[in-house]
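Participant: Supplied in structure tokens, the structure appears directly below.
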Amino acid sequence: MFAQFYQDGVLKNPKTVFIILIVTILSFGYFSKDFRLDASSETLLIEGDPDLAYLKEVTERYGSKDFLILTYTPNEGMVSDSSINNLLSLKYKIQSLNWVHSVVTLLDVPLLSNSDAPLQERLGSFKTLKDEGVDKSRGFKEILNSPVFRNFVISENGNTSGIIVNIKENKKLENIENLSKSEIEAHKDKIKKQNHRNILEIRQVIQSYEDVGKIYLGGIPMIADDMMTYIKSDIVVFGLGVLLFIIATLWFVFRKLIWIIVPISSCLFSVVIMIGLLGILGWKVTVISSNFIALMLILTMAMNIHMSTRFLQLKKDLPSKNNFEIISLTTNKMFWPIIYTVFTTVFAFLSLIFSGIKPIIDFGWMMTFGLITSFIITFTLLPTLLNFVSIKNISIKKEQESKITTFLGSISLNNKNSIFGITGIVIILSIIGISKLEVENSFINYFHKDTEIYKGMKLIDEELGGTTPLEIILKFPVTEKKESSSEDDEFDDWDNEEDTNDDKYWFTKDKIDKISSVHNYLDSLPQIGKVLSFSSIIEVATQLNNNKPLGTLEMGVLYSKIPGSIKTEIIDPYLSIKDNEARISLRIIDSQENLRRNDLINKINFDLKNELKLDESEYRMTGVLILFNNLLQSLFKSQILTLGLVMIGIFSMFIILFRNIKLSLIGVVPNFIAAFFILGIIGLLGIPLDMMTITIAAITIGIAVDNSIHYIYRFKEEFSKIKDYSKTLKKCHSTVGVAILNTSITIVFGFSILVFSKFIPTIYFGVFTGIAMLLAMISVLTLLPTLILIVKPFGK
């Protein structure tokens with residue numbers, strides 16, 4: 001019934017179908033204006049992650065601004081007059097930008113040991129390095145030895161300074177619950193555009209100071225903006241690169257202009273419709289889905305090559321039939337194998353929805369809709385265009401047998417033991433490699449070493465205390481006894497003044513000891529760079545108190561008497577008396593070799609409980625490190641699960657398609673081996689899995705299994721005529737085998753275009769998926785026919 005409808009409705013009305021397709025592409029092309037990109041950090045988080053909600057709560061409590069960070073390594077020594085003048089000039093130039101809230105450099109650090117005046121006086125009217133009459137050498141030495149500012153605004157060797165550029169807060173949306181999704185998205189787009197302009201402006205400022213030293217830009221806003229640039233570049237490079245390669249492949253295979261125009265038209269129609277659909281649905285393309293256009297081109301082309309090759313083979317075998325009859329026969333014979341290849345590939349991409357990570361879920365849905373679109377276009381546009389062309393223009397020169405498929409066919413016939421031996425070795429290596437797989441989230445290693453992101457992050461990592469933030473929130477019991485101290489020190493006379501603030505009584509020995517012990521423990525770990533907490537402030541105060549330890553009351557008095565400007569910058573971010581807790585902020589040295597982030601988190605957790613005897617209710621870890629680790633651990637677990645689902649689902653589809661358990665097993669085994677072998681290679685090479693490479697196995701199975709379906713479907717059809725396994729094998733290798741070879745080469749080289757990305761995970765994804773597809777193709781043309789010859793699933 002459907003076949004009759006398709007023939008009468010589509011094949012017999014090419015002009016009507018073509019007009020409908022033109023209207024469709026123009027309509028969806030219009031909505032492509034709403035196509036959007038997104039490189040924000042939110043795209044790399046698990047939706048509903050309780051750690052994300054807690055981090056937002058902590059950020060709100062202790063305060064946080066969006067900021068950029070510059071590293072400044074002057075040509076002359078940091079303390080020289082010219083270096084200080086240049087730094088001051090750079091500070092004021094940046095400060096003059098209308099989007100900058102404030103700029104903090106080592107020239108703004110309060111110098112409390114720079115004079116011999118009483119401490120209270122020094123705190124009330126402190127000096128900085130930029131002030132007149134300051135002993136710069138003494139002040140620089142104080143900053144360099146400061147527990148707070150060392151490895152924060154100045155490197156340990158004193159050669160590199162950090163410049164913190166705090167960005168003005170963007171205007172928040174009022175009554176956000178009453179706004180439509182489009183209004184919210186428009187506001188976000190406006191902020192992204194503003195951020196892009198900000199980055200361009202500050203880079204122009206930096207460029208004008210290139211002659212005074214090395215200056216690198218870093219910070220989340222810059223990374224997000226550069227990632228947007230990378231995504232745009234990747235989409236253009238991948239799309240054009242794959243398109244050009246596909247044209248070259250089609251010319252090499254068919255040597256006829258019509259066989260370039262028809263498949264390329266299918267690809268372009270599919271991509272434009274899909275881009276318009278993404279605009280309508282409001283799905284944004286992220287780093288993870290930036291290669292969806294390249295994937296769509298590759299998979300659409302694979303369908304078209306199979307259709308075109310079969311059309312030409314039927315035309316050659318049935319010269320008496322006219323063009324329409326050949327088209328009808330081709331679509332009839334190719335409908336089921338192609339729709340099953342679409343189903344299996346869709347099943348693989350749909351497995352990504354179990355990740356719990358929105359951009360990966362969106363990527364799965366994008367490719368699902370994309371494949372359905374490609375299938376519809378292939379079975380409407382391709383036969384329609386062929387209907388318009390004369391038989392003479394369709395014909396190609398006499399086909400030459402493929403030496404590659406003939407060679408692989410002879411191996412299947414004559415070298416069964418060698419094939420099984422190699423397969424056995426591949427399985428063993430796969431098991432060993434998979435056992436070595438690990439998930440890591442070294443953000444710095446996602447970028448090429450010659451990019452500004454990498455250089456800036458590397459310098460911050462090595463010289464300014466690390467890049468990836470981690471925070472420990474210490475919680476204290478609700479009731480604490482007030483303590484007093486009778487120590488004779490510089491703080492005693494402060495307490496004589498009238499003070500009704502009870503906050504100073506919050507400081508007790510138990511609390512201070514707990515903060516200090518956790519701080520010192522974290523500081524002792526080699527993977528951790530800068531650690532900041534109230535313990536750092538105590539250390540500074542102790543130095544100022546002639547190295548005499550402060551009593552708890554003195555700490556309270558210090559807290560209540562310290563000027564608000566200092567308190568806001570260096571104390572309030574680490575204490576919340578109101579919430580009865582303290583915050584310890586630290587950064588991980590992300591570029592450290594052999595760093596295992598999940599192991600580090602587990603070690604800290606274990607040691608806080610067992611070494612420092614803290615109860616689980618007394619602390620909580622949060623921060624970017626926790627969020628990204630959650631993402632990868634979740635993805636690893638979900639992909640192990642979904643890989644199993646993909647295997648079961650595809651095996652089930654094979655049983656439905658072929659109604660033969662033996663044949664179904666034979667069909668899936670070569671592809672499963674190829675997918676697992678690529679995971680084994682990744683493990684053996686010691687390359688950590690990340691948000692993109694972790695999806696390779698499921699996607700590979702979904703795409704590679706297409707070859708098995710086409711081969712078995714054709715083998716079954718030819719065997720029913722020939723009734724001889726060896727002759728059928730040779731026939732299949734010279735027909736469908738050539739189509740499999742051509743599509744596989746297109747797919748392999750199509751994925752290889754991804755090596756031109758600036759994002760390392762995308763490069764890995766392209767390289768390893770390409771290798772997996774090559775292995776799957778070889779396996780389908782050697783191991784699969786060998787298994788068919790031995791098992792004889794179609795009877796003797």
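Note on naming: chains are A, B, ... as they come in the structure tokens, residues start from 1 per chain, ligands start from 1 in the order shown.
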Residues within 12 Å of Phe252 in chain A, please, as a list of chain:residue names. Count only C-alpha atoms; anything in the same chain fewer than 6 positions from it doesn't count.

Facilitator: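 Returned residues: A:Phe245, A:Ile246, A:Trp259, A:Ile260, A:Asn742, A:Ile745, A:Thr746.
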
Participant: Report as a list in words all protein, DNA and RNA residues lying within 8 Å of Ser113 in chain A, evaluated on only C-alpha atoms, omitting residues in the same chain fewer than 6 positions from it.

Facilitator: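 In the requested format, the answer is Gly139, Glu142 and Leu544 of chain A.
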
Participant: With N, CA and C atoms kept, could you save the residues just selected as an mmCIF file, in the first residue's frame?

Facilitator:
data_model
loop_
_atom_site.group_PDB
_atom_site.id
_atom_site.type_symbol
_atom_site.label_atom_id
_atom_site.label_comp_id
_atom_site.auth_asym_id
_atom_site.auth_seq_id
_atom_site.Cartn_x
_atom_site.Cartn_y
_atom_site.Cartn_z
ATOM 1 N N GLY A 139 57.902 47.268 49.882
ATOM 2 C CA GLY A 139 56.504 46.935 49.606
ATOM 3 C C GLY A 139 56.376 45.709 48.720
ATOM 4 N N GLU A 142 56.998 42.645 50.673
ATOM 5 C CA GLU A 142 55.847 42.310 51.523
ATOM 6 C C GLU A 142 54.787 41.549 50.720
ATOM 7 N N LEU A 544 51.992 40.726 61.314
ATOM 8 C CA LEU A 544 51.892 42.131 61.728
ATOM 9 C C LEU A 544 51.967 42.297 63.241
#

Participant: Here is a test: counting only C-alpha atoms, which residue of A:Pro670, A:Gly466, A:Pro74, A:Gly9 is nearest to Phe420 in chain A?

Facilitator: A:Pro670

Participant: Could you tell me which of A:Leu783, A:Lys358, A:Leu381, A:Ala772 comes closest to Thr300 in chain A if we count only C-alpha atoms?

Facilitator: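 Of A:Leu783, A:Lys358, A:Leu381, A:Ala772, the one nearest Thr300 in chain A, counting only C-alpha atoms, is A:Leu381.
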
Participant: For Asn605 in chain A, which residue out of A:Ala582, A:Val439, A:Leu522, A:Leu144 is the nearest one, using only C-alpha atoms?

Facilitator: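 Checking each candidate against Asn605 in chain A, we get A:Leu522 as the closest.
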
Participant: If you run DSSP over the backbone, which residues in range 601-733 of chain A end up strand (DSSP E)? Put them as a list in words.

Facilitator: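 Selection result, strand (DSSP E) within range 601-733 of chain A: Tyr619, Arg620, Met621 and Thr622 of chain A.
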
Participant: Could you please take those selected residues and save N, CA, C and O atoms as a PDB file, in the first residue's frame?

Facilitator:
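New file selection.pdb:
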ATOM      1  N   TYR A 619      31.314  19.598  56.407  1.00  0.00           N
ATOM      2  CA  TYR A 619      31.957  20.219  55.246  1.00  0.00           C
ATOM      3  C   TYR A 619      31.225  19.796  53.973  1.00  0.00           C
ATOM      4  O   TYR A 619      30.485  18.822  53.952  1.00  0.00           O
ATOM      5  N   ARG A 620      31.477  20.560  52.918  1.00  0.00           N
ATOM      6  CA  ARG A 620      30.970  20.181  51.594  1.00  0.00           C
ATOM      7  C   ARG A 620      31.883  20.765  50.528  1.00  0.00           C
ATOM      8  O   ARG A 620      32.282  21.929  50.628  1.00  0.00           O
ATOM      9  N   MET A 621      32.200  19.959  49.536  1.00  0.00           N
ATOM     10  CA  MET A 621      33.036  20.421  48.426  1.00  0.00           C
ATOM     11  C   MET A 621      32.147  20.928  47.293  1.00  0.00           C
ATOM     12  O   MET A 621      31.104  20.340  47.011  1.00  0.00           O
ATOM     13  N   THR A 622      32.599  21.998  46.653  1.00  0.00           N
ATOM     14  CA  THR A 622      31.869  22.536  45.512  1.00  0.00           C
ATOM     15  C   THR A 622      32.860  23.208  44.575  1.00  0.00           C
ATOM     16  O   THR A 622      34.065  23.193  44.818  1.00  0.00           O
TER      17      THR A 622
END

Participant: Set the distance at 7 Å and use only C-alpha atoms: which residues neighbour range 152-154 of chain A once local chain neighbours fewer than 6 positions away are removed? I'd like the list as a PDB file with C-alpha atoms, in the first residue's frame.

Facilitator:
ATOM      1  CA  THR A 105      46.839  44.796  40.365  1.00  0.00           C
ATOM      2  CA  LEU A 106      49.715  44.403  42.787  1.00  0.00           C
ATOM      3  CA  LEU A 144      55.851  38.590  47.554  1.00  0.00           C
ATOM      4  CA  THR A 160      54.775  37.743  36.505  1.00  0.00           C
ATOM      5  CA  SER A 161      51.908  39.826  37.826  1.00  0.00           C
ATOM      6  CA  GLY A 162      48.208  39.055  37.639  1.00  0.00           C
ATOM      7  CA  ILE A 163      45.754  41.805  36.658  1.00  0.00           C
ATOM      8  CA  LEU A 464      49.635  32.406  39.636  1.00  0.00           C
ATOM      9  CA  GLY A 465      48.364  29.442  41.641  1.00  0.00           C
TER      10      GLY A 465
END

Participant: So the first atom is CA of Ile584 in chain A and the second is CA of Ser533 in chain A; what is the distance between them in Å, to one decimal place?

Facilitator: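 Here the two named atoms are 4.7 Å from each other.
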
Participant: Taking into account only C-alpha atoms, which residue in the set A:Met457, A:Leu525, A:Leu408, A:Leu107 is nearest to Gly737 in chain A?

Facilitator: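 Going through A:Met457, A:Leu525, A:Leu408, A:Leu107 one by one, the smallest distance to Gly737 in chain A is for A:Leu408.
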
Participant: Near Leu21 in chain A, counting only C-alpha atoms, which residues have an atom at most 10 Å away, once you skip same-chain residues fewer than 3 positions from it, shown as a list in words?

Facilitator: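 Answer for this query is Lys15, Thr16, Val17, Phe18, Thr24, Ile25, Leu26, Ser27, Phe269, Ile273, Ile377, Thr380 and Leu381 of chain A.
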
Participant: Take the residues from that selection and put them in a file with all heavy atoms, as an mmCIF file, in the first residue's frame.

Facilitator:
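Output (part_26.cif):
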data_model
loop_
_atom_site.group_PDB
_atom_site.id
_atom_site.type_symbol
_atom_site.label_atom_id
_atom_site.label_comp_id
_atom_site.auth_asym_id
_atom_site.auth_seq_id
_atom_site.Cartn_x
_atom_site.Cartn_y
_atom_site.Cartn_z
ATOM 1 N N LYS A 15 7.578 16.818 -11.026
ATOM 2 C CA LYS A 15 7.494 18.289 -11.023
ATOM 3 C C LYS A 15 6.825 18.805 -9.752
ATOM 4 O O LYS A 15 7.288 19.758 -9.123
ATOM 5 C CB LYS A 15 6.731 18.769 -12.263
ATOM 6 C CG LYS A 15 7.512 18.570 -13.556
ATOM 7 C CD LYS A 15 6.731 19.082 -14.751
ATOM 8 C CE LYS A 15 7.521 18.846 -16.047
ATOM 9 N NZ LYS A 15 6.761 19.266 -17.242
ATOM 10 N N THR A 16 5.721 18.143 -9.383
ATOM 11 C CA THR A 16 4.997 18.550 -8.161
ATOM 12 C C THR A 16 5.887 18.374 -6.933
ATOM 13 O O THR A 16 5.963 19.261 -6.065
ATOM 14 C CB THR A 16 3.715 17.708 -7.992
ATOM 15 O OG1 THR A 16 2.931 17.815 -9.168
ATOM 16 C CG2 THR A 16 2.911 18.176 -6.790
ATOM 17 N N VAL A 17 6.556 17.224 -6.864
ATOM 18 C CA VAL A 17 7.451 16.936 -5.723
ATOM 19 C C VAL A 17 8.570 17.964 -5.671
ATOM 20 O O VAL A 17 8.917 18.473 -4.594
ATOM 21 C CB VAL A 17 8.030 15.505 -5.827
ATOM 22 C CG1 VAL A 17 9.120 15.291 -4.785
ATOM 23 C CG2 VAL A 17 6.927 14.474 -5.651
ATOM 24 N N PHE A 18 9.126 18.298 -6.827
ATOM 25 C CA PHE A 18 10.233 19.260 -6.872
ATOM 26 C C PHE A 18 9.785 20.638 -6.389
ATOM 27 O O PHE A 18 10.496 21.308 -5.636
ATOM 28 C CB PHE A 18 10.781 19.351 -8.304
ATOM 29 C CG PHE A 18 12.057 20.146 -8.403
ATOM 30 C CD1 PHE A 18 13.234 19.684 -7.829
ATOM 31 C CD2 PHE A 18 12.079 21.378 -9.055
ATOM 32 C CE1 PHE A 18 14.406 20.417 -7.905
ATOM 33 C CE2 PHE A 18 13.238 22.110 -9.136
ATOM 34 C CZ PHE A 18 14.415 21.635 -8.567
ATOM 35 N N THR A 24 9.702 24.021 0.472
ATOM 36 C CA THR A 24 10.159 23.576 1.800
ATOM 37 C C THR A 24 11.522 24.166 2.139
ATOM 38 O O THR A 24 11.723 24.716 3.231
ATOM 39 C CB THR A 24 10.243 22.031 1.858
ATOM 40 O OG1 THR A 24 8.971 21.485 1.534
ATOM 41 C CG2 THR A 24 10.664 21.569 3.244
ATOM 42 N N ILE A 25 12.450 24.083 1.196
ATOM 43 C CA ILE A 25 13.807 24.588 1.493
ATOM 44 C C ILE A 25 13.807 26.105 1.665
ATOM 45 O O ILE A 25 14.532 26.641 2.521
ATOM 46 C CB ILE A 25 14.827 24.149 0.411
ATOM 47 C CG1 ILE A 25 16.248 24.399 0.918
ATOM 48 C CG2 ILE A 25 14.599 24.842 -0.909
ATOM 49 C CD1 ILE A 25 17.341 23.853 0.018
ATOM 50 N N LEU A 26 12.973 26.805 0.899
ATOM 51 C CA LEU A 26 12.886 28.260 1.052
ATOM 52 C C LEU A 26 12.284 28.639 2.404
ATOM 53 O O LEU A 26 12.737 29.576 3.067
ATOM 54 C CB LEU A 26 12.050 28.870 -0.082
ATOM 55 C CG LEU A 26 12.679 28.839 -1.486
ATOM 56 C CD1 LEU A 26 11.698 29.348 -2.533
ATOM 57 C CD2 LEU A 26 13.965 29.677 -1.519
ATOM 58 N N SER A 27 11.259 27.883 2.837
ATOM 59 C CA SER A 27 10.602 28.151 4.130
ATOM 60 C C SER A 27 11.563 27.918 5.279
ATOM 61 O O SER A 27 11.713 28.776 6.162
ATOM 62 C CB SER A 27 9.370 27.251 4.291
ATOM 63 O OG SER A 27 8.466 27.450 3.232
ATOM 64 N N PHE A 269 19.978 20.333 0.469
ATOM 65 C CA PHE A 269 18.577 20.417 0.892
ATOM 66 C C PHE A 269 18.448 19.966 2.348
ATOM 67 O O PHE A 269 17.782 20.625 3.159
ATOM 68 C CB PHE A 269 17.703 19.536 -0.007
ATOM 69 C CG PHE A 269 17.119 20.261 -1.201
ATOM 70 C CD1 PHE A 269 17.947 20.747 -2.200
ATOM 71 C CD2 PHE A 269 15.754 20.474 -1.308
ATOM 72 C CE1 PHE A 269 17.426 21.409 -3.303
ATOM 73 C CE2 PHE A 269 15.219 21.148 -2.401
ATOM 74 C CZ PHE A 269 16.056 21.610 -3.401
ATOM 75 N N ILE A 273 17.392 22.572 5.458
ATOM 76 C CA ILE A 273 16.135 22.278 6.174
ATOM 77 C C ILE A 273 16.420 22.063 7.653
ATOM 78 O O ILE A 273 15.697 22.561 8.521
ATOM 79 C CB ILE A 273 15.438 21.050 5.553
ATOM 80 C CG1 ILE A 273 14.867 21.418 4.180
ATOM 81 C CG2 ILE A 273 14.324 20.535 6.464
ATOM 82 C CD1 ILE A 273 14.370 20.236 3.363
ATOM 83 N N ILE A 377 14.629 13.309 2.044
ATOM 84 C CA ILE A 377 15.166 14.021 0.877
ATOM 85 C C ILE A 377 15.757 13.031 -0.130
ATOM 86 O O ILE A 377 15.553 13.161 -1.350
ATOM 87 C CB ILE A 377 16.235 15.049 1.311
ATOM 88 C CG1 ILE A 377 15.596 16.181 2.130
ATOM 89 C CG2 ILE A 377 16.975 15.618 0.112
ATOM 90 C CD1 ILE A 377 14.575 17.005 1.383
ATOM 91 N N THR A 380 13.063 11.411 -2.139
ATOM 92 C CA THR A 380 12.181 12.304 -2.913
ATOM 93 C C THR A 380 12.984 13.095 -3.954
ATOM 94 O O THR A 380 12.688 13.043 -5.140
ATOM 95 C CB THR A 380 11.437 13.284 -1.983
ATOM 96 O OG1 THR A 380 12.384 13.951 -1.136
ATOM 97 C CG2 THR A 380 10.410 12.571 -1.135
ATOM 98 N N LEU A 381 14.025 13.782 -3.499
ATOM 99 C CA LEU A 381 14.783 14.632 -4.420
ATOM 100 C C LEU A 381 15.586 13.814 -5.429
ATOM 101 O O LEU A 381 15.601 14.134 -6.619
ATOM 102 C CB LEU A 381 15.719 15.555 -3.617
ATOM 103 C CG LEU A 381 16.515 16.558 -4.461
ATOM 104 C CD1 LEU A 381 15.578 17.535 -5.158
ATOM 105 C CD2 LEU A 381 17.513 17.330 -3.588
#

Participant: Hey, what's within 12 Å of Trp283 in chain A if we count only C-alpha atoms and toss same-chain stuff fewer than 4 positions away? As a list of chain:residue names, please?

Facilitator: A:Ser32, A:Asp34, A:Phe35, A:Arg36, A:Leu37, A:Asp38, A:Thr43, A:Lys181, A:Ser182, A:Glu185, A:Met274, A:Ile275, A:Gly276, A:Leu277, A:Leu278, A:Gly279, A:Ser289, A:Lys358, A:Pro359, A:Ile360, A:Ile361, A:Asp362, A:Phe363, A:Gly364, A:Trp365, A:Met366
